[in-house]
>>> print(open('upload_38.tsv').read())   # TSV, N, CA and C atoms
chain	number	residue	atom	x	y	z
A	7	MET	N	83.99	-32.10	-76.67
A	7	MET	CA	83.07	-33.21	-76.81
A	7	MET	C	83.75	-34.41	-77.47
A	8	LYS	N	84.59	-34.13	-78.48
A	8	LYS	CA	85.30	-35.21	-79.17
A	8	LYS	C	86.23	-35.95	-78.20
A	9	ASN	N	86.91	-35.22	-77.32
A	9	ASN	CA	87.80	-35.85	-76.34
A	9	ASN	C	87.02	-36.75	-75.39
A	10	LYS	N	85.85	-36.28	-74.94
A	10	LYS	CA	85.03	-37.08	-74.04
A	10	LYS	C	84.57	-38.36	-74.73
A	11	ARG	N	84.18	-38.25	-76.00
A	11	ARG	CA	83.73	-39.41	-76.76
A	11	ARG	C	84.87	-40.42	-76.93
A	12	ASN	N	86.07	-39.94	-77.25
A	12	ASN	CA	87.22	-40.83	-77.38
A	12	ASN	C	87.55	-41.49	-76.06
A	13	PHE	N	87.47	-40.73	-74.96
A	13	PHE	CA	87.71	-41.29	-73.63
A	13	PHE	C	86.73	-42.41	-73.34
A	14	LEU	N	85.44	-42.18	-73.62
A	14	LEU	CA	84.42	-43.19	-73.38
A	14	LEU	C	84.66	-44.44	-74.21
A	15	LYS	N	85.04	-44.26	-75.48
A	15	LYS	CA	85.33	-45.41	-76.34
A	15	LYS	C	86.48	-46.23	-75.77
A	16	LYS	N	87.51	-45.56	-75.27
A	16	LYS	CA	88.65	-46.26	-74.67
A	16	LYS	C	88.22	-47.01	-73.42
A	17	GLN	N	87.39	-46.38	-72.58
A	17	GLN	CA	86.91	-47.02	-71.37
A	17	GLN	C	86.11	-48.28	-71.70
A	18	ILE	N	85.22	-48.20	-72.68
A	18	ILE	CA	84.40	-49.34	-73.07
A	18	ILE	C	85.29	-50.45	-73.62
A	19	PHE	N	86.28	-50.10	-74.43
A	19	PHE	CA	87.21	-51.09	-74.96
A	19	PHE	C	87.93	-51.82	-73.82
A	20	ILE	N	88.40	-51.06	-72.84
A	20	ILE	CA	89.09	-51.65	-71.69
A	20	ILE	C	88.16	-52.59	-70.93
A	21	LEU	N	86.93	-52.14	-70.66
A	21	LEU	CA	85.97	-52.98	-69.92
A	21	LEU	C	85.64	-54.25	-70.69
A	22	GLU	N	85.42	-54.12	-72.00
A	22	GLU	CA	85.08	-55.31	-72.78
A	22	GLU	C	86.22	-56.32	-72.75
A	23	ASN	N	87.44	-55.86	-72.76
A	23	ASN	CA	88.58	-56.78	-72.71
A	23	ASN	C	88.79	-57.34	-71.32
A	24	LEU	N	88.51	-56.56	-70.28
A	24	LEU	CA	88.63	-57.07	-68.91
A	24	LEU	C	87.68	-58.23	-68.67
A	25	HIS	N	86.44	-58.07	-69.06
A	25	HIS	CA	85.48	-59.14	-68.76
A	25	HIS	C	85.73	-60.39	-69.58
A	26	LYS	N	86.43	-60.28	-70.70
A	26	LYS	CA	86.76	-61.45	-71.50
A	26	LYS	C	87.83	-62.31	-70.82
A	27	LYS	N	88.56	-61.74	-69.87
A	27	LYS	CA	89.60	-62.49	-69.17
A	27	LYS	C	89.02	-63.36	-68.06
A	28	ASN	N	87.72	-63.29	-67.87
A	28	ASN	CA	87.04	-64.12	-66.87
A	28	ASN	C	87.55	-63.90	-65.46
A	29	LYS	N	87.92	-62.68	-65.14
A	29	LYS	CA	88.33	-62.32	-63.79
A	29	LYS	C	87.47	-61.15	-63.34
A	30	GLU	N	87.18	-61.13	-62.04
A	30	GLU	CA	86.41	-59.98	-61.54
A	30	GLU	C	87.23	-58.71	-61.74
A	31	PHE	N	86.52	-57.60	-61.88
A	31	PHE	CA	87.19	-56.32	-62.08
A	31	PHE	C	86.38	-55.23	-61.39
A	32	TYR	N	86.94	-54.05	-61.33
A	32	TYR	CA	86.31	-52.92	-60.63
A	32	TYR	C	86.10	-51.77	-61.60
A	33	ILE	N	84.97	-51.09	-61.42
A	33	ILE	CA	84.71	-49.87	-62.18
A	33	ILE	C	84.21	-48.80	-61.21
A	34	THR	N	84.21	-47.56	-61.66
A	34	THR	CA	83.70	-46.46	-60.86
A	34	THR	C	82.36	-46.01	-61.44
A	35	ILE	N	81.38	-45.87	-60.57
A	35	ILE	CA	80.04	-45.43	-60.97
A	35	ILE	C	80.07	-43.94	-61.30
A	36	HIS	N	79.38	-43.58	-62.38
A	36	HIS	CA	79.19	-42.17	-62.75
A	36	HIS	C	77.70	-41.93	-62.91
A	37	GLY	N	77.15	-41.06	-62.11
A	37	GLY	CA	75.73	-40.78	-62.18
A	37	GLY	C	75.01	-41.14	-60.89
A	38	GLU	N	73.73	-40.80	-60.85
A	38	GLU	CA	72.95	-40.97	-59.62
A	38	GLU	C	71.75	-41.89	-59.80
A	39	SER	N	71.66	-42.59	-60.92
A	39	SER	CA	70.46	-43.40	-61.17
A	39	SER	C	70.34	-44.60	-60.23
A	40	MET	N	71.42	-45.00	-59.59
A	40	MET	CA	71.37	-46.16	-58.69
A	40	MET	C	71.43	-45.76	-57.21
A	41	MET	N	71.32	-44.48	-56.91
A	41	MET	CA	71.30	-44.06	-55.50
A	41	MET	C	70.02	-44.55	-54.85
A	42	PRO	N	69.97	-44.89	-53.61
A	42	PRO	CA	71.04	-44.83	-52.62
A	42	PRO	C	71.92	-46.09	-52.58
A	43	SER	N	71.60	-47.10	-53.41
A	43	SER	CA	72.38	-48.34	-53.39
A	43	SER	C	73.83	-48.11	-53.81
A	44	LEU	N	74.01	-47.28	-54.84
A	44	LEU	CA	75.35	-46.95	-55.35
A	44	LEU	C	75.43	-45.44	-55.54
A	45	SER	N	76.56	-44.87	-55.19
A	45	SER	CA	76.74	-43.42	-55.27
A	45	SER	C	77.68	-43.04	-56.39
A	46	ASP	N	77.51	-41.83	-56.90
A	46	ASP	CA	78.40	-41.29	-57.91
A	46	ASP	C	79.83	-41.31	-57.38
A	47	GLY	N	80.75	-41.88	-58.15
A	47	GLY	CA	82.15	-41.96	-57.73
A	47	GLY	C	82.51	-43.22	-56.96
A	48	GLN	N	81.51	-44.03	-56.62
A	48	GLN	CA	81.77	-45.26	-55.86
A	48	GLN	C	82.42	-46.32	-56.76
A	49	LYS	N	83.41	-47.02	-56.22
A	49	LYS	CA	84.07	-48.11	-56.93
A	49	LYS	C	83.32	-49.40	-56.61
A	50	ILE	N	83.01	-50.17	-57.66
A	50	ILE	CA	82.23	-51.40	-57.47
A	50	ILE	C	82.92	-52.60	-58.12
A	51	ARG	N	82.65	-53.77	-57.55
A	51	ARG	CA	83.21	-55.02	-58.05
A	51	ARG	C	82.22	-55.67	-59.01
A	52	ILE	N	82.74	-56.11	-60.16
A	52	ILE	CA	81.92	-56.76	-61.17
A	52	ILE	C	82.42	-58.19	-61.36
A	53	ILE	N	81.49	-59.14	-61.38
A	53	ILE	CA	81.82	-60.52	-61.73
A	53	ILE	C	81.39	-60.70	-63.18
A	54	PRO	N	82.31	-61.08	-64.07
A	54	PRO	CA	81.93	-61.28	-65.47
A	54	PRO	C	80.79	-62.30	-65.58
A	55	ILE	N	79.89	-62.05	-66.50
A	55	ILE	CA	78.72	-62.91	-66.64
A	55	ILE	C	79.13	-64.35	-66.96
A	56	LYS	N	80.25	-64.52	-67.65
A	56	LYS	CA	80.74	-65.87	-67.97
A	56	LYS	C	81.13	-66.65	-66.72
A	57	CYS	N	81.44	-65.95	-65.65
A	57	CYS	CA	81.87	-66.60	-64.40
A	57	CYS	C	80.72	-66.75	-63.42
A	58	TYR	N	79.56	-66.23	-63.74
A	58	TYR	CA	78.41	-66.25	-62.84
A	58	TYR	C	77.59	-67.50	-63.14
A	59	ASP	N	77.50	-68.41	-62.20
A	59	ASP	CA	76.88	-69.71	-62.47
A	59	ASP	C	75.41	-69.80	-62.08
A	60	LYS	N	74.77	-68.67	-61.81
A	60	LYS	CA	73.35	-68.68	-61.47
A	60	LYS	C	72.56	-67.95	-62.56
A	61	GLU	N	71.26	-68.14	-62.54
A	61	GLU	CA	70.39	-67.38	-63.45
A	61	GLU	C	70.27	-65.95	-62.93
A	62	ILE	N	70.21	-65.01	-63.83
A	62	ILE	CA	69.97	-63.62	-63.43
A	62	ILE	C	68.48	-63.49	-63.12
A	63	GLU	N	68.19	-62.87	-61.97
A	63	GLU	CA	66.81	-62.78	-61.50
A	63	GLU	C	66.44	-61.33	-61.23
A	64	GLU	N	65.15	-61.12	-61.04
A	64	GLU	CA	64.66	-59.80	-60.63
A	64	GLU	C	65.36	-59.43	-59.32
A	65	GLY	N	65.84	-58.20	-59.25
A	65	GLY	CA	66.54	-57.73	-58.06
A	65	GLY	C	68.04	-57.72	-58.21
A	66	ASP	N	68.59	-58.50	-59.15
A	66	ASP	CA	70.04	-58.49	-59.39
A	66	ASP	C	70.45	-57.16	-60.03
A	67	VAL	N	71.66	-56.73	-59.76
A	67	VAL	CA	72.20	-55.51	-60.38
A	67	VAL	C	73.23	-55.95	-61.41
A	68	ILE	N	73.06	-55.47	-62.64
A	68	ILE	CA	73.92	-55.90	-63.74
A	68	ILE	C	74.61	-54.71	-64.41
A	69	LEU	N	75.74	-55.00	-65.02
A	69	LEU	CA	76.45	-54.06	-65.89
A	69	LEU	C	76.20	-54.55	-67.30
A	70	PHE	N	75.67	-53.66	-68.16
A	70	PHE	CA	75.39	-54.09	-69.52
A	70	PHE	C	75.81	-53.04	-70.53
A	71	SER	N	76.02	-53.50	-71.75
A	71	SER	CA	76.46	-52.65	-72.85
A	71	SER	C	75.39	-52.71	-73.94
A	72	LYS	N	74.41	-51.84	-73.83
A	72	LYS	CA	73.30	-51.80	-74.79
A	72	LYS	C	73.55	-50.74	-75.86
A	73	PHE	N	74.33	-49.74	-75.52
A	73	PHE	CA	74.57	-48.60	-76.40
A	73	PHE	C	76.06	-48.44	-76.67
A	74	PRO	N	76.43	-47.96	-77.84
A	74	PRO	CA	77.87	-47.84	-78.15
A	74	PRO	C	78.60	-46.77	-77.36
A	75	SER	N	77.88	-45.83	-76.76
A	75	SER	CA	78.54	-44.70	-76.09
A	75	SER	C	78.85	-44.93	-74.62
A	76	HIS	N	78.21	-45.93	-74.00
A	76	HIS	CA	78.42	-46.13	-72.57
A	76	HIS	C	77.90	-47.50	-72.11
A	77	MET	N	78.32	-47.86	-70.92
A	77	MET	CA	77.77	-49.04	-70.26
A	77	MET	C	76.88	-48.56	-69.12
A	78	THR	N	75.96	-49.41	-68.69
A	78	THR	CA	74.98	-49.03	-67.69
A	78	THR	C	74.96	-50.04	-66.55
A	79	VAL	N	74.80	-49.54	-65.34
A	79	VAL	CA	74.58	-50.39	-64.17
A	79	VAL	C	73.17	-50.10	-63.68
A	80	HIS	N	72.28	-51.08	-63.80
A	80	HIS	CA	70.90	-50.95	-63.32
A	80	HIS	C	70.45	-52.28	-62.73
A	81	ARG	N	69.38	-52.20	-61.97
A	81	ARG	CA	68.80	-53.39	-61.35
A	81	ARG	C	67.81	-54.05	-62.32
A	82	VAL	N	67.78	-55.38	-62.31
A	82	VAL	CA	66.82	-56.11	-63.13
A	82	VAL	C	65.44	-55.94	-62.49
A	83	TYR	N	64.55	-55.37	-63.25
A	83	TYR	CA	63.21	-55.04	-62.79
A	83	TYR	C	62.22	-56.17	-63.10
A	84	GLU	N	62.42	-56.79	-64.26
A	84	GLU	CA	61.53	-57.87	-64.68
A	84	GLU	C	62.27	-58.77	-65.66
A	85	VAL	N	61.99	-60.05	-65.59
A	85	VAL	CA	62.58	-61.04	-66.51
A	85	VAL	C	61.45	-61.70	-67.27
A	86	LYS	N	61.58	-61.74	-68.60
A	86	LYS	CA	60.56	-62.39	-69.43
A	86	LYS	C	61.23	-63.33	-70.40
A	87	LYS	N	60.64	-64.51	-70.54
A	87	LYS	CA	61.13	-65.48	-71.52
A	87	LYS	C	60.11	-65.53	-72.65
A	88	MET	N	60.62	-65.28	-73.87
A	88	MET	CA	59.76	-65.31	-75.05
A	88	MET	C	60.50	-65.99	-76.19
A	89	CYS	N	59.86	-66.95	-76.80
A	89	CYS	CA	60.45	-67.64	-77.96
A	89	CYS	C	61.85	-68.13	-77.66
A	90	SER	N	62.03	-68.79	-76.55
A	90	SER	CA	63.29	-69.38	-76.11
A	90	SER	C	64.41	-68.37	-75.88
A	91	GLU	N	64.07	-67.10	-75.76
A	91	GLU	CA	65.07	-66.08	-75.43
A	91	GLU	C	64.62	-65.35	-74.17
A	92	THR	N	65.59	-64.93	-73.35
A	92	THR	CA	65.29	-64.22	-72.11
A	92	THR	C	65.57	-62.74	-72.29
A	93	PHE	N	64.62	-61.93	-71.84
A	93	PHE	CA	64.73	-60.48	-71.91
A	93	PHE	C	64.67	-59.91	-70.50
A	94	TYR	N	65.53	-58.94	-70.23
A	94	TYR	CA	65.61	-58.32	-68.92
A	94	TYR	C	65.23	-56.84	-69.04
A	95	TRP	N	64.22	-56.44	-68.26
A	95	TRP	CA	63.89	-55.03	-68.17
A	95	TRP	C	64.59	-54.51	-66.92
A	96	THR	N	65.18	-53.34	-67.03
A	96	THR	CA	65.99	-52.80	-65.94
A	96	THR	C	65.47	-51.44	-65.49
A	97	LYS	N	65.99	-51.02	-64.34
A	97	LYS	CA	65.59	-49.73	-63.77
A	97	LYS	C	66.67	-49.28	-62.79
A	98	GLY	N	67.02	-48.02	-62.85
A	98	GLY	CA	67.89	-47.46	-61.82
A	98	GLY	C	67.10	-47.30	-60.54
A	99	ASP	N	67.70	-47.59	-59.40
A	99	ASP	CA	66.99	-47.50	-58.11
A	99	ASP	C	66.43	-46.09	-57.86
A	100	ASN	N	67.09	-45.08	-58.39
A	100	ASN	CA	66.69	-43.70	-58.17
A	100	ASN	C	65.76	-43.18	-59.28
A	101	ASN	N	65.46	-44.00	-60.27
A	101	ASN	CA	64.58	-43.60	-61.37
A	101	ASN	C	63.14	-43.95	-61.02
A	102	THR	N	62.21	-43.13	-61.48
A	102	THR	CA	60.80	-43.38	-61.19
A	102	THR	C	60.20	-44.46	-62.08
A	103	CYS	N	60.72	-44.61	-63.29
A	103	CYS	CA	60.17	-45.59	-64.24
A	103	CYS	C	61.25	-46.57	-64.70
A	104	PRO	N	60.84	-47.77	-65.09
A	104	PRO	CA	61.80	-48.71	-65.68
A	104	PRO	C	62.35	-48.14	-66.99
A	105	ASP	N	63.48	-48.67	-67.43
A	105	ASP	CA	64.05	-48.26	-68.71
A	105	ASP	C	63.08	-48.62	-69.83
A	106	ASN	N	63.13	-47.86	-70.92
A	106	ASN	CA	62.19	-48.09	-72.02
A	106	ASN	C	62.79	-49.02	-73.08
A	107	TYR	N	63.66	-49.91	-72.66
A	107	TYR	CA	64.28	-50.88	-73.54
A	107	TYR	C	64.52	-52.16	-72.73
A	108	TYR	N	64.78	-53.24	-73.42
A	108	TYR	CA	65.11	-54.50	-72.75
A	108	TYR	C	66.59	-54.81	-72.98
A	109	VAL	N	67.12	-55.67	-72.16
A	109	VAL	CA	68.51	-56.11	-72.26
A	109	VAL	C	68.50	-57.60	-72.54
A	110	LYS	N	69.29	-58.02	-73.51
A	110	LYS	CA	69.44	-59.45	-73.79
A	110	LYS	C	70.67	-59.97	-73.06
A	111	LYS	N	70.74	-61.27	-72.91
A	111	LYS	CA	71.87	-61.90	-72.22
A	111	LYS	C	73.20	-61.49	-72.86
A	112	LYS	N	73.23	-61.38	-74.19
A	112	LYS	CA	74.46	-61.02	-74.89
A	112	LYS	C	74.93	-59.60	-74.56
A	113	ASP	N	74.03	-58.75	-74.06
A	113	ASP	CA	74.38	-57.37	-73.69
A	113	ASP	C	74.99	-57.28	-72.29
A	114	ILE	N	74.82	-58.32	-71.49
A	114	ILE	CA	75.25	-58.27	-70.09
A	114	ILE	C	76.74	-58.57	-69.98
A	115	VAL	N	77.45	-57.64	-69.38
A	115	VAL	CA	78.90	-57.76	-69.17
A	115	VAL	C	79.18	-58.48	-67.86
A	116	GLY	N	78.44	-58.10	-66.81
A	116	GLY	CA	78.69	-58.70	-65.51
A	116	GLY	C	77.60	-58.39	-64.52
A	117	ILE	N	77.80	-58.91	-63.33
A	117	ILE	CA	76.83	-58.74	-62.25
A	117	ILE	C	77.54	-58.23	-61.01
A	118	LEU	N	76.84	-57.41	-60.24
A	118	LEU	CA	77.39	-56.89	-59.00
A	118	LEU	C	76.91	-57.79	-57.86
A	119	PRO	N	77.84	-58.47	-57.20
A	119	PRO	CA	77.43	-59.36	-56.12
A	119	PRO	C	76.97	-58.57	-54.89
A	120	ASN	N	76.17	-59.17	-54.07
A	120	ASN	CA	75.76	-58.62	-52.78
A	120	ASN	C	74.90	-57.36	-52.85
A	121	LEU	N	74.22	-57.14	-53.98
A	121	LEU	CA	73.33	-55.98	-54.08
A	121	LEU	C	71.90	-56.37	-54.40
A	122	LYS	N	71.62	-57.65	-54.34
A	122	LYS	CA	70.27	-58.13	-54.68
A	122	LYS	C	69.26	-57.61	-53.67
A	123	LYS	N	68.11	-57.21	-54.17
A	123	LYS	CA	67.00	-56.77	-53.31
A	123	LYS	C	66.02	-57.88	-53.14
>>> encode(input="upload_38.tsv", output="structure tokens")
Amino acid sequence: MKNKRNFLKKQIFILENLHKKNKEFYITIHGESMMPSLSDGQKIRIIPIKCYDKEIEEGDVILFSKFPSHMTVHRVYEVKKMCSETFYWTKGDNNTCPDNYYVKKKDIVGILPNLKK
């Protein structure tokens, strides 16, 4: 378990540094929450949020870092603006319910192009 945790920390460190270089990068999906749009083991292209010149909207698929143990790729289910801040509720395409947390703009690492619904 300790080795897996160290591996994940290294992966997150690498991803955080990749997106800071303002260049698109690729990651491999792990899990089935985004099926059938994305499959376990599929390699996907990420555009860093700093390089994305549009507003994130419902239907966009984003990569975000909300938790210290992993990053998540989910679709934006709902966008709400409250007190001059934008909150994004997300959901995996294969999940029955939306996530029970919101994502702030600062949590978003990048966006997956060409997957908007």
>>> atom_distance(input="upload_38.tsv", atom1="atom N of Pro54 in chain A", atom2="atom C of Phe73 in chain A")
18.9 Å
>>> select_by_dssp(input="upload_38.tsv", residues="chain A", states="strand (DSSP E)", output="mmCIF file with N, CA and C atoms, in the frame of the given file")
data_model
loop_
_atom_site.group_PDB
_atom_site.id
_atom_site.type_symbol
_atom_site.label_atom_id
_atom_site.label_comp_id
_atom_site.auth_asym_id
_atom_site.auth_seq_id
_atom_site.Cartn_x
_atom_site.Cartn_y
_atom_site.Cartn_z
ATOM 1 N N PHE A 31 86.520 -57.600 -61.880
ATOM 2 C CA PHE A 31 87.190 -56.320 -62.080
ATOM 3 C C PHE A 31 86.380 -55.230 -61.390
ATOM 4 N N TYR A 32 86.940 -54.050 -61.330
ATOM 5 C CA TYR A 32 86.310 -52.920 -60.630
ATOM 6 C C TYR A 32 86.100 -51.770 -61.600
ATOM 7 N N ILE A 33 84.970 -51.090 -61.420
ATOM 8 C CA ILE A 33 84.710 -49.870 -62.180
ATOM 9 C C ILE A 33 84.210 -48.800 -61.210
ATOM 10 N N THR A 34 84.210 -47.560 -61.660
ATOM 11 C CA THR A 34 83.700 -46.460 -60.860
ATOM 12 C C THR A 34 82.360 -46.010 -61.440
ATOM 13 N N LYS A 49 83.410 -47.020 -56.220
ATOM 14 C CA LYS A 49 84.070 -48.110 -56.930
ATOM 15 C C LYS A 49 83.320 -49.400 -56.610
ATOM 16 N N ILE A 50 83.010 -50.170 -57.660
ATOM 17 C CA ILE A 50 82.230 -51.400 -57.470
ATOM 18 C C ILE A 50 82.920 -52.600 -58.120
ATOM 19 N N ARG A 51 82.650 -53.770 -57.550
ATOM 20 C CA ARG A 51 83.210 -55.020 -58.050
ATOM 21 C C ARG A 51 82.220 -55.670 -59.010
ATOM 22 N N ILE A 52 82.740 -56.110 -60.160
ATOM 23 C CA ILE A 52 81.920 -56.760 -61.170
ATOM 24 C C ILE A 52 82.420 -58.190 -61.360
ATOM 25 N N ILE A 53 81.490 -59.140 -61.380
ATOM 26 C CA ILE A 53 81.820 -60.520 -61.730
ATOM 27 C C ILE A 53 81.390 -60.700 -63.180
ATOM 28 N N PRO A 54 82.310 -61.080 -64.070
ATOM 29 C CA PRO A 54 81.930 -61.280 -65.470
ATOM 30 C C PRO A 54 80.790 -62.300 -65.580
ATOM 31 N N VAL A 67 71.660 -56.730 -59.760
ATOM 32 C CA VAL A 67 72.200 -55.510 -60.380
ATOM 33 C C VAL A 67 73.230 -55.950 -61.410
ATOM 34 N N ILE A 68 73.060 -55.470 -62.640
ATOM 35 C CA ILE A 68 73.920 -55.900 -63.740
ATOM 36 C C ILE A 68 74.610 -54.710 -64.410
ATOM 37 N N LEU A 69 75.740 -55.000 -65.020
ATOM 38 C CA LEU A 69 76.450 -54.060 -65.890
ATOM 39 C C LEU A 69 76.200 -54.550 -67.300
ATOM 40 N N PHE A 70 75.670 -53.660 -68.160
ATOM 41 C CA PHE A 70 75.390 -54.090 -69.520
ATOM 42 C C PHE A 70 75.810 -53.040 -70.530
ATOM 43 N N SER A 71 76.020 -53.500 -71.750
ATOM 44 C CA SER A 71 76.460 -52.650 -72.850
ATOM 45 C C SER A 71 75.390 -52.710 -73.940
ATOM 46 N N LYS A 72 74.410 -51.840 -73.830
ATOM 47 C CA LYS A 72 73.300 -51.800 -74.790
ATOM 48 C C LYS A 72 73.550 -50.740 -75.860
ATOM 49 N N PHE A 73 74.330 -49.740 -75.520
ATOM 50 C CA PHE A 73 74.570 -48.600 -76.400
ATOM 51 C C PHE A 73 76.060 -48.440 -76.670
ATOM 52 N N HIS A 76 78.210 -45.930 -74.000
ATOM 53 C CA HIS A 76 78.420 -46.130 -72.570
ATOM 54 C C HIS A 76 77.900 -47.500 -72.110
ATOM 55 N N MET A 77 78.320 -47.860 -70.920
ATOM 56 C CA MET A 77 77.770 -49.040 -70.260
ATOM 57 C C MET A 77 76.880 -48.560 -69.120
ATOM 58 N N THR A 78 75.960 -49.410 -68.690
ATOM 59 C CA THR A 78 74.980 -49.030 -67.690
ATOM 60 C C THR A 78 74.960 -50.040 -66.550
ATOM 61 N N VAL A 79 74.800 -49.540 -65.340
ATOM 62 C CA VAL A 79 74.580 -50.390 -64.170
ATOM 63 C C VAL A 79 73.170 -50.100 -63.680
ATOM 64 N N HIS A 80 72.280 -51.080 -63.800
ATOM 65 C CA HIS A 80 70.900 -50.950 -63.320
ATOM 66 C C HIS A 80 70.450 -52.280 -62.730
ATOM 67 N N ARG A 81 69.380 -52.200 -61.970
ATOM 68 C CA ARG A 81 68.800 -53.390 -61.350
ATOM 69 C C ARG A 81 67.810 -54.050 -62.320
ATOM 70 N N VAL A 82 67.780 -55.380 -62.310
ATOM 71 C CA VAL A 82 66.820 -56.110 -63.130
ATOM 72 C C VAL A 82 65.440 -55.940 -62.490
ATOM 73 N N TYR A 83 64.550 -55.370 -63.250
ATOM 74 C CA TYR A 83 63.210 -55.040 -62.790
ATOM 75 C C TYR A 83 62.220 -56.170 -63.100
ATOM 76 N N GLU A 84 62.420 -56.790 -64.260
ATOM 77 C CA GLU A 84 61.530 -57.870 -64.680
ATOM 78 C C GLU A 84 62.270 -58.770 -65.660
ATOM 79 N N VAL A 85 61.990 -60.050 -65.590
ATOM 80 C CA VAL A 85 62.580 -61.040 -66.510
ATOM 81 C C VAL A 85 61.450 -61.700 -67.270
ATOM 82 N N LYS A 86 61.580 -61.740 -68.600
ATOM 83 C CA LYS A 86 60.560 -62.390 -69.430
ATOM 84 C C LYS A 86 61.230 -63.330 -70.400
ATOM 85 N N LYS A 87 60.640 -64.510 -70.540
ATOM 86 C CA LYS A 87 61.130 -65.480 -71.520
ATOM 87 C C LYS A 87 60.110 -65.530 -72.650
ATOM 88 N N MET A 88 60.620 -65.280 -73.870
ATOM 89 C CA MET A 88 59.760 -65.310 -75.050
ATOM 90 C C MET A 88 60.500 -65.990 -76.190
ATOM 91 N N GLU A 91 64.070 -67.100 -75.760
ATOM 92 C CA GLU A 91 65.070 -66.080 -75.430
ATOM 93 C C GLU A 91 64.620 -65.350 -74.170
ATOM 94 N N THR A 92 65.590 -64.930 -73.350
ATOM 95 C CA THR A 92 65.290 -64.220 -72.110
ATOM 96 C C THR A 92 65.570 -62.740 -72.290
ATOM 97 N N PHE A 93 64.620 -61.930 -71.840
ATOM 98 C CA PHE A 93 64.730 -60.480 -71.910
ATOM 99 C C PHE A 93 64.670 -59.910 -70.500
ATOM 100 N N TYR A 94 65.530 -58.940 -70.230
ATOM 101 C CA TYR A 94 65.610 -58.320 -68.920
ATOM 102 C C TYR A 94 65.230 -56.840 -69.040
ATOM 103 N N TRP A 95 64.220 -56.440 -68.260
ATOM 104 C CA TRP A 95 63.890 -55.030 -68.170
ATOM 105 C C TRP A 95 64.590 -54.510 -66.920
ATOM 106 N N THR A 96 65.180 -53.340 -67.030
ATOM 107 C CA THR A 96 65.990 -52.800 -65.940
ATOM 108 C C THR A 96 65.470 -51.440 -65.490
ATOM 109 N N LYS A 97 65.990 -51.020 -64.340
ATOM 110 C CA LYS A 97 65.590 -49.730 -63.770
ATOM 111 C C LYS A 97 66.670 -49.280 -62.790
ATOM 112 N N TYR A 108 64.780 -53.240 -73.420
ATOM 113 C CA TYR A 108 65.110 -54.500 -72.750
ATOM 114 C C TYR A 108 66.590 -54.810 -72.980
ATOM 115 N N VAL A 109 67.120 -55.670 -72.160
ATOM 116 C CA VAL A 109 68.510 -56.110 -72.260
ATOM 117 C C VAL A 109 68.500 -57.600 -72.540
ATOM 118 N N LYS A 110 69.290 -58.020 -73.510
ATOM 119 C CA LYS A 110 69.440 -59.450 -73.790
ATOM 120 C C LYS A 110 70.670 -59.970 -73.060
ATOM 121 N N ILE A 114 74.820 -58.320 -71.490
ATOM 122 C CA ILE A 114 75.250 -58.270 -70.090
ATOM 123 C C ILE A 114 76.740 -58.570 -69.980
ATOM 124 N N VAL A 115 77.450 -57.640 -69.380
ATOM 125 C CA VAL A 115 78.900 -57.760 -69.170
ATOM 126 C C VAL A 115 79.180 -58.480 -67.860
ATOM 127 N N GLY A 116 78.440 -58.100 -66.810
ATOM 128 C CA GLY A 116 78.690 -58.700 -65.510
ATOM 129 C C GLY A 116 77.600 -58.390 -64.520
ATOM 130 N N ILE A 117 77.800 -58.910 -63.330
ATOM 131 C CA ILE A 117 76.830 -58.740 -62.250
ATOM 132 C C ILE A 117 77.540 -58.230 -61.010
ATOM 133 N N LEU A 118 76.840 -57.410 -60.240
ATOM 134 C CA LEU A 118 77.390 -56.890 -59.000
ATOM 135 C C LEU A 118 76.910 -57.790 -57.860
#
>>> residues_around(input="upload_38.tsv", residues="Asp46 in chain A", least_positions_apart="4", cutoff="7 Å", atoms="only C-alpha atoms", output="list in words")
Ile35, His36, Gly37 and Glu38 of chain A
>>> atom_distance(input="upload_38.tsv", atom1="CA of Ile117 in chain A", atom2="CA of Cys103 in chain A")
21.3 Å
>>> closest_residue(input="upload_38.tsv", among="A:Arg81, A:Glu30, A:Gly47, A:Cys57", to="Asn101 in chain A", atoms="only C-alpha atoms")
A:Arg81
>>> atom_distance(input="upload_38.tsv", atom1="CA of Gly98 in chain A", atom2="CA of Ile53 in chain A")
19.1 Å
>>> residues_around(input="upload_38.tsv", residues="Ile52 in chain A", least_positions_apart="5", cutoff="8 Å", atoms="all atoms listed in the file", output="VMD selection string")
chain A and resid 29 to 33 69 115 to 119
>>> write_last_selection(input="upload_38.tsv", atoms="N, CA and C atoms", output="short mmCIF file (atom, residue, chain, number, x, y, z; two decimals), in the frame of the given file")
data_model
loop_
_atom_site.label_atom_id
_atom_site.label_comp_id
_atom_site.auth_asym_id
_atom_site.auth_seq_id
_atom_site.Cartn_x
_atom_site.Cartn_y
_atom_site.Cartn_z
N LYS A 29 87.92 -62.68 -65.14
CA LYS A 29 88.33 -62.32 -63.79
C LYS A 29 87.47 -61.15 -63.34
N GLU A 30 87.18 -61.13 -62.04
CA GLU A 30 86.41 -59.98 -61.54
C GLU A 30 87.23 -58.71 -61.74
N PHE A 31 86.52 -57.60 -61.88
CA PHE A 31 87.19 -56.32 -62.08
C PHE A 31 86.38 -55.23 -61.39
N TYR A 32 86.94 -54.05 -61.33
CA TYR A 32 86.31 -52.92 -60.63
C TYR A 32 86.10 -51.77 -61.60
N ILE A 33 84.97 -51.09 -61.42
CA ILE A 33 84.71 -49.87 -62.18
C ILE A 33 84.21 -48.80 -61.21
N LEU A 69 75.74 -55.00 -65.02
CA LEU A 69 76.45 -54.06 -65.89
C LEU A 69 76.20 -54.55 -67.30
N VAL A 115 77.45 -57.64 -69.38
CA VAL A 115 78.90 -57.76 -69.17
C VAL A 115 79.18 -58.48 -67.86
N GLY A 116 78.44 -58.10 -66.81
CA GLY A 116 78.69 -58.70 -65.51
C GLY A 116 77.60 -58.39 -64.52
N ILE A 117 77.80 -58.91 -63.33
CA ILE A 117 76.83 -58.74 -62.25
C ILE A 117 77.54 -58.23 -61.01
N LEU A 118 76.84 -57.41 -60.24
CA LEU A 118 77.39 -56.89 -59.00
C LEU A 118 76.91 -57.79 -57.86
N PRO A 119 77.84 -58.47 -57.20
CA PRO A 119 77.43 -59.36 -56.12
C PRO A 119 76.97 -58.57 -54.89
#
